[in-house]
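Colleague: Structure below; questions to follow.
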Amino acid sequence: MNQIDTIVAQATPIGYGGIGILRISGMKTLEITKKVLGKIPKPRYADYLNFNSFDGGIIDKGIALWFPKPNSFTGEDVLELHCHGGPIILDLLLKYILTFPNVRIAKPGEFSERAFLNEKIDLTQAEAIADLIKANSEQAARSAINSLQGVFSTHINKIIKNLIDLRVQMEAEINFPNEDIHCLSNNKIRKKIDIIINNLKKLLSEANQGCLLNEGLTVVITGNTNVGKSSLFNLLVGMETAIVTNIAGTTRDVLHKSINIDGIPLNILDTAGLRESYDDEVERIGIKRALYELNKADYVLFMVDGTKVDTKKSVEILKEFLLTLQKQPKITIIRNKSDITGEPLGLTEISGFSIIHLSALKGDGIRYLLDHLKQKIGFKNTIEGNCTARRRHLQSLKIAYNYLIESKKKISEFYNYELIAEDLYLAQKELNTITGVFTSEDLLNKIFSSFCIGK
């Protein structure tokens, strides 16, 4: 990214509105401010001014906000122009500003990226901006606000500080073995690592909750033909989206629907019924797509027809099905048609598998399924929320946790400062990737390219 360039973008949605906002950041902002406004406004105060054109005419009249560096969101000189929200007015202003040398349209997320690169925010706070914008529940919004205020970063940095303190003591003994600084024993090292591990486990739990609220889960409904998959899909999404008939193979393609259940964003997928023999080429493609989605699923609801197989046979069918998958997802058996079988509604556990008894046609027992899903994925319905998180955060936390576990094993198996210190260093390095201390340019480009233009 070339920070010599000054960037400009519309910060409000495209179209008509009461107010439209243009945001400018960079070295040329001061010059642009003088030309467009005819003066430099008082910093961080709203000033009602004419917005001038290059020919001396007035494009519009509105509110100008001037933020001189370094006390701005990006750390650079920033100007915000709040004008009337018609696209012609905004376009005229934008065209004039783009006539200045070294000024260009901002890329998606570039304002936030500059704030990160200029150390105004860390990477988790930058990501929290995007998470707050796309939050689809109160819990998700509150969690994103907490992360934007630095809650998640504070937890990470506290663990990193404890790692650094321990590494400093160990490195001192490694590098200066003849000095009288031998103050660490196996027991002391173990206790310090245990404290770090416990703090990391707690943060992992909170981050998992934040990731659920932020990214949600993909839940795939599968099973043989005519077991009620489409009926369950319609019941969960609250509308007649999937066609339901008694004809085997009615569902040919994968149906997607995003819903929100008690604050959890879920992407529900209804798939073609699985069966070994079929004559239809379209159905063959549908089954192939179903298997593809199953291998990506976060959670699988495996449906069986309770009128055709007993509970024990349901588990046997599931075990056979699991052998066809490349990975083993979290899975629950749904025994459908309890309105016909007379089976008690609710949850049972058999041979390590969870089974929900319900009637997709009548809607009976659906609450048991929803409560079971929340419990299985570890969701806690808290109003305040904790902090928002992403899958990359969870991955880094788990990698760091594994390094710490390995370092603790080395204490028990053989006392070698160098090997233990290396594990601690690798754990610290992995945690630093979360806040952006050590982050590849490719990852940064991927993260910020998903932002809105003007953010």
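In the structure tokens, chains take letters A, B, ... by order of appearance, with residues numbered from 1 within each chain and ligands from 1 in the order shown.
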Excluding Phe73 (chain A) and any residue of its chain fewer than 6 positions from it, enumerate the residues within 10 Å of it, using only C-alpha atoms, and give them as a PyMOL selection string.
Modeller: chain A and resi 25+67+111-112+114-116+118+120-121
Colleague: Store the residues picked out above, limited to N, CA, C and O atoms, as a PDB file, in the first residue's frame.
Modeller:
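Full text of result-v3.pdb as output:
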ATOM      1  N   SER A  25      -8.094  11.223   3.648  1.00  0.00           N
ATOM      2  CA  SER A  25      -6.980  10.990   4.569  1.00  0.00           C
ATOM      3  C   SER A  25      -5.672  10.974   3.797  1.00  0.00           C
ATOM      4  O   SER A  25      -5.583  10.353   2.734  1.00  0.00           O
ATOM      5  N   PHE A  67      -9.579  16.816  11.279  1.00  0.00           N
ATOM      6  CA  PHE A  67      -8.813  16.073  12.276  1.00  0.00           C
ATOM      7  C   PHE A  67      -7.339  16.086  11.865  1.00  0.00           C
ATOM      8  O   PHE A  67      -6.908  15.273  11.044  1.00  0.00           O
ATOM      9  N   PHE A 111      -8.931   2.915   5.005  1.00  0.00           N
ATOM     10  CA  PHE A 111      -8.854   3.830   6.140  1.00  0.00           C
ATOM     11  C   PHE A 111      -8.504   3.055   7.414  1.00  0.00           C
ATOM     12  O   PHE A 111      -7.644   3.480   8.195  1.00  0.00           O
ATOM     13  N   SER A 112      -9.167   1.917   7.612  1.00  0.00           N
ATOM     14  CA  SER A 112      -8.879   1.085   8.787  1.00  0.00           C
ATOM     15  C   SER A 112      -7.468   0.501   8.711  1.00  0.00           C
ATOM     16  O   SER A 112      -6.783   0.377   9.729  1.00  0.00           O
ATOM     17  N   ARG A 114      -4.854   1.866   7.297  1.00  0.00           N
ATOM     18  CA  ARG A 114      -3.896   2.923   7.657  1.00  0.00           C
ATOM     19  C   ARG A 114      -3.899   3.175   9.161  1.00  0.00           C
ATOM     20  O   ARG A 114      -2.849   3.450   9.755  1.00  0.00           O
ATOM     21  N   ALA A 115      -5.076   3.093   9.772  1.00  0.00           N
ATOM     22  CA  ALA A 115      -5.135   3.232  11.232  1.00  0.00           C
ATOM     23  C   ALA A 115      -4.316   2.139  11.904  1.00  0.00           C
ATOM     24  O   ALA A 115      -3.602   2.392  12.886  1.00  0.00           O
ATOM     25  N   PHE A 116      -4.375   0.920  11.365  1.00  0.00           N
ATOM     26  CA  PHE A 116      -3.594  -0.187  11.909  1.00  0.00           C
ATOM     27  C   PHE A 116      -2.098   0.024  11.677  1.00  0.00           C
ATOM     28  O   PHE A 116      -1.281  -0.105  12.595  1.00  0.00           O
ATOM     29  N   ASN A 118      -0.502   2.729  11.198  1.00  0.00           N
ATOM     30  CA  ASN A 118      -0.009   3.876  11.960  1.00  0.00           C
ATOM     31  C   ASN A 118      -0.188   3.694  13.468  1.00  0.00           C
ATOM     32  O   ASN A 118      -0.065   4.646  14.241  1.00  0.00           O
ATOM     33  N   LYS A 120      -2.728   3.189  15.397  1.00  0.00           N
ATOM     34  CA  LYS A 120      -3.853   3.807  16.103  1.00  0.00           C
ATOM     35  C   LYS A 120      -4.771   2.744  16.679  1.00  0.00           C
ATOM     36  O   LYS A 120      -5.449   2.969  17.685  1.00  0.00           O
ATOM     37  N   ILE A 121      -4.818   1.592  16.020  1.00  0.00           N
ATOM     38  CA  ILE A 121      -5.580   0.439  16.497  1.00  0.00           C
ATOM     39  C   ILE A 121      -4.771  -0.806  16.178  1.00  0.00           C
ATOM     40  O   ILE A 121      -3.881  -0.779  15.319  1.00  0.00           O
TER      41      ILE A 121
END
Colleague: What's around region 407-410 of chain A at 12 Å? Count only C-alpha atoms, leave out sequence neighbours fewer than 2 positions away in its own chain, and write the answer as a ChimeraX atom specification.
Modeller: /A:163,167,186-197,400-405,412-427
Colleague: Applying 8 Å and only C-alpha atoms, which residues near Asp77 (chain A) remain after dropping the ones on its own chain fewer than 5 positions away? List them as a VMD selection string.
Modeller: chain A and resid 25 to 27 29 to 30 66 to 70 72
Colleague: As an exercise, work out the distance from CA of Pro344 (chain A) to CA of Lys312 (chain A) in Å and give it to one decimal place.
Modeller: 15.8 Å
Colleague: Enumerate as a ChimeraX atom specification all residues of region 291-407 of chain A assigned to alpha helix (DSSP H) by DSSP on the backbone, naming them with the chain letters and numbers the document uses.
Modeller: /A:291-294,311-322,338-341,366-376,391-407
Colleague: Quick one: distance from CA of Thr222 (chain A) to CA of Lys313 (chain A) in Å, one decimal?
Modeller: 16.6 Å
Colleague: Env of Leu431 (chain A): 7 Å cut, atoms = only C-alpha atoms, seq-sep filter 2 positions within chain, self excluded. Answer as a ChimeraX atom specification.
Modeller: /A:156,396-397,400,427-429,433-434
Colleague: What's around Ile264 (chain A) at 12 Å? Count only C-alpha atoms, leave out sequence neighbours fewer than 3 positions away in its own chain, and write the answer as number ranges by chain.
Modeller: A: 135-140, 209-219, 258-261, 267-268, 370-371, 373-375, 377-382
Colleague: Name the residues in contact with Gly109 (chain A) at a cut-off of 12 Å, using only C-alpha atoms, excluding same-chain residues fewer than 3 positions from it; report them as a ChimeraX atom specification.
Modeller: /A:1,7-9,11,74,105-106,112-116,126-127,129-130,444-455
Colleague: Ranking A:Gly57, A:Leu81, A:Thr33, A:Ile133 by minimum distance to Ile21 (chain A) and counting only C-alpha atoms, which one comes first?
Modeller: A:Leu81
Colleague: Could you pull out the strand (DSSP E or B) residues of region 52-83 of chain A, going by DSSP on the backbone, and write them as a PDB file with N, CA and C atoms, in the first residue's frame?
Modeller:
ATOM      1  N   ASN A  52     -16.570  24.478  -1.855  1.00  0.00           N
ATOM      2  CA  ASN A  52     -16.278  25.183  -3.099  1.00  0.00           C
ATOM      3  C   ASN A  52     -15.810  24.249  -4.201  1.00  0.00           C
ATOM      4  N   ILE A  58     -19.972  27.277  -5.736  1.00  0.00           N
ATOM      5  CA  ILE A  58     -20.306  26.498  -4.540  1.00  0.00           C
ATOM      6  C   ILE A  58     -21.016  25.222  -4.960  1.00  0.00           C
ATOM      7  N   ILE A  59     -20.453  24.094  -4.554  1.00  0.00           N
ATOM      8  CA  ILE A  59     -21.068  22.794  -4.852  1.00  0.00           C
ATOM      9  C   ILE A  59     -22.211  22.520  -3.885  1.00  0.00           C
ATOM     10  N   ASP A  60     -21.990  22.817  -2.611  1.00  0.00           N
ATOM     11  CA  ASP A  60     -22.991  22.545  -1.572  1.00  0.00           C
ATOM     12  C   ASP A  60     -22.570  23.292  -0.316  1.00  0.00           C
ATOM     13  N   LYS A  61     -23.395  23.214   0.697  1.00  0.00           N
ATOM     14  CA  LYS A  61     -23.088  23.790   1.997  1.00  0.00           C
ATOM     15  C   LYS A  61     -23.405  22.736   3.054  1.00  0.00           C
ATOM     16  N   GLY A  62     -22.456  22.489   3.949  1.00  0.00           N
ATOM     17  CA  GLY A  62     -22.675  21.427   4.928  1.00  0.00           C
ATOM     18  C   GLY A  62     -21.698  21.502   6.082  1.00  0.00           C
ATOM     19  N   ILE A  63     -21.569  20.395   6.789  1.00  0.00           N
ATOM     20  CA  ILE A  63     -20.714  20.311   7.974  1.00  0.00           C
ATOM     21  C   ILE A  63     -19.343  19.762   7.585  1.00  0.00           C
ATOM     22  N   ALA A  64     -18.271  20.434   8.032  1.00  0.00           N
ATOM     23  CA  ALA A  64     -16.902  19.965   7.823  1.00  0.00           C
ATOM     24  C   ALA A  64     -16.279  19.632   9.168  1.00  0.00           C
ATOM     25  N   LEU A  65     -15.586  18.504   9.226  1.00  0.00           N
ATOM     26  CA  LEU A  65     -14.870  18.082  10.440  1.00  0.00           C
ATOM     27  C   LEU A  65     -13.410  17.873  10.075  1.00  0.00           C
ATOM     28  N   TRP A  66     -12.518  18.586  10.749  1.00  0.00           N
ATOM     29  CA  TRP A  66     -11.087  18.556  10.452  1.00  0.00           C
ATOM     30  C   TRP A  66     -10.342  17.876  11.615  1.00  0.00           C
ATOM     31  N   PHE A  67      -9.579  16.816  11.279  1.00  0.00           N
ATOM     32  CA  PHE A  67      -8.813  16.073  12.276  1.00  0.00           C
ATOM     33  C   PHE A  67      -7.339  16.086  11.865  1.00  0.00           C
ATOM     34  N   VAL A  78      -7.082  14.127   8.391  1.00  0.00           N
ATOM     35  CA  VAL A  78      -8.363  13.589   7.916  1.00  0.00           C
ATOM     36  C   VAL A  78      -9.384  14.719   7.834  1.00  0.00           C
ATOM     37  N   LEU A  79     -10.141  14.743   6.754  1.00  0.00           N
ATOM     38  CA  LEU A  79     -11.244  15.688   6.586  1.00  0.00           C
ATOM     39  C   LEU A  79     -12.508  14.905   6.262  1.00  0.00           C
ATOM     40  N   GLU A  80     -13.602  15.241   6.949  1.00  0.00           N
ATOM     41  CA  GLU A  80     -14.905  14.671   6.630  1.00  0.00           C
ATOM     42  C   GLU A  80     -15.827  15.783   6.165  1.00  0.00           C
ATOM     43  N   LEU A  81     -16.470  15.572   5.037  1.00  0.00           N
ATOM     44  CA  LEU A  81     -17.424  16.522   4.491  1.00  0.00           C
ATOM     45  C   LEU A  81     -18.813  15.897   4.541  1.00  0.00           C
ATOM     46  N   HIS A  82     -19.695  16.512   5.310  1.00  0.00           N
ATOM     47  CA  HIS A  82     -21.076  16.031   5.458  1.00  0.00           C
ATOM     48  C   HIS A  82     -21.965  16.955   4.630  1.00  0.00           C
ATOM     49  N   CYS A  83     -22.414  16.451   3.493  1.00  0.00           N
ATOM     50  CA  CYS A  83     -23.218  17.270   2.584  1.00  0.00           C
ATOM     51  C   CYS A  83     -24.594  16.644   2.402  1.00  0.00           C
TER      52      CYS A  83
END
Colleague: Return the single residue from A:Ile32, A:Val168, A:Leu203, A:Leu94 that is closest to Cys387 (chain A), with distances computed using only C-alpha atoms.
Modeller: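 Smallest separation from Cys387 (chain A) among the options: A:Leu203.
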Colleague: Counting only C-alpha atoms, figure out which residue out of A:Val36, A:Ile164, A:Leu235, A:Val309 gets nearest to Thr99 (chain A).
Modeller: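 Going through A:Val36, A:Ile164, A:Leu235, A:Val309 one by one, the smallest distance to Thr99 (chain A) is for A:Val36.
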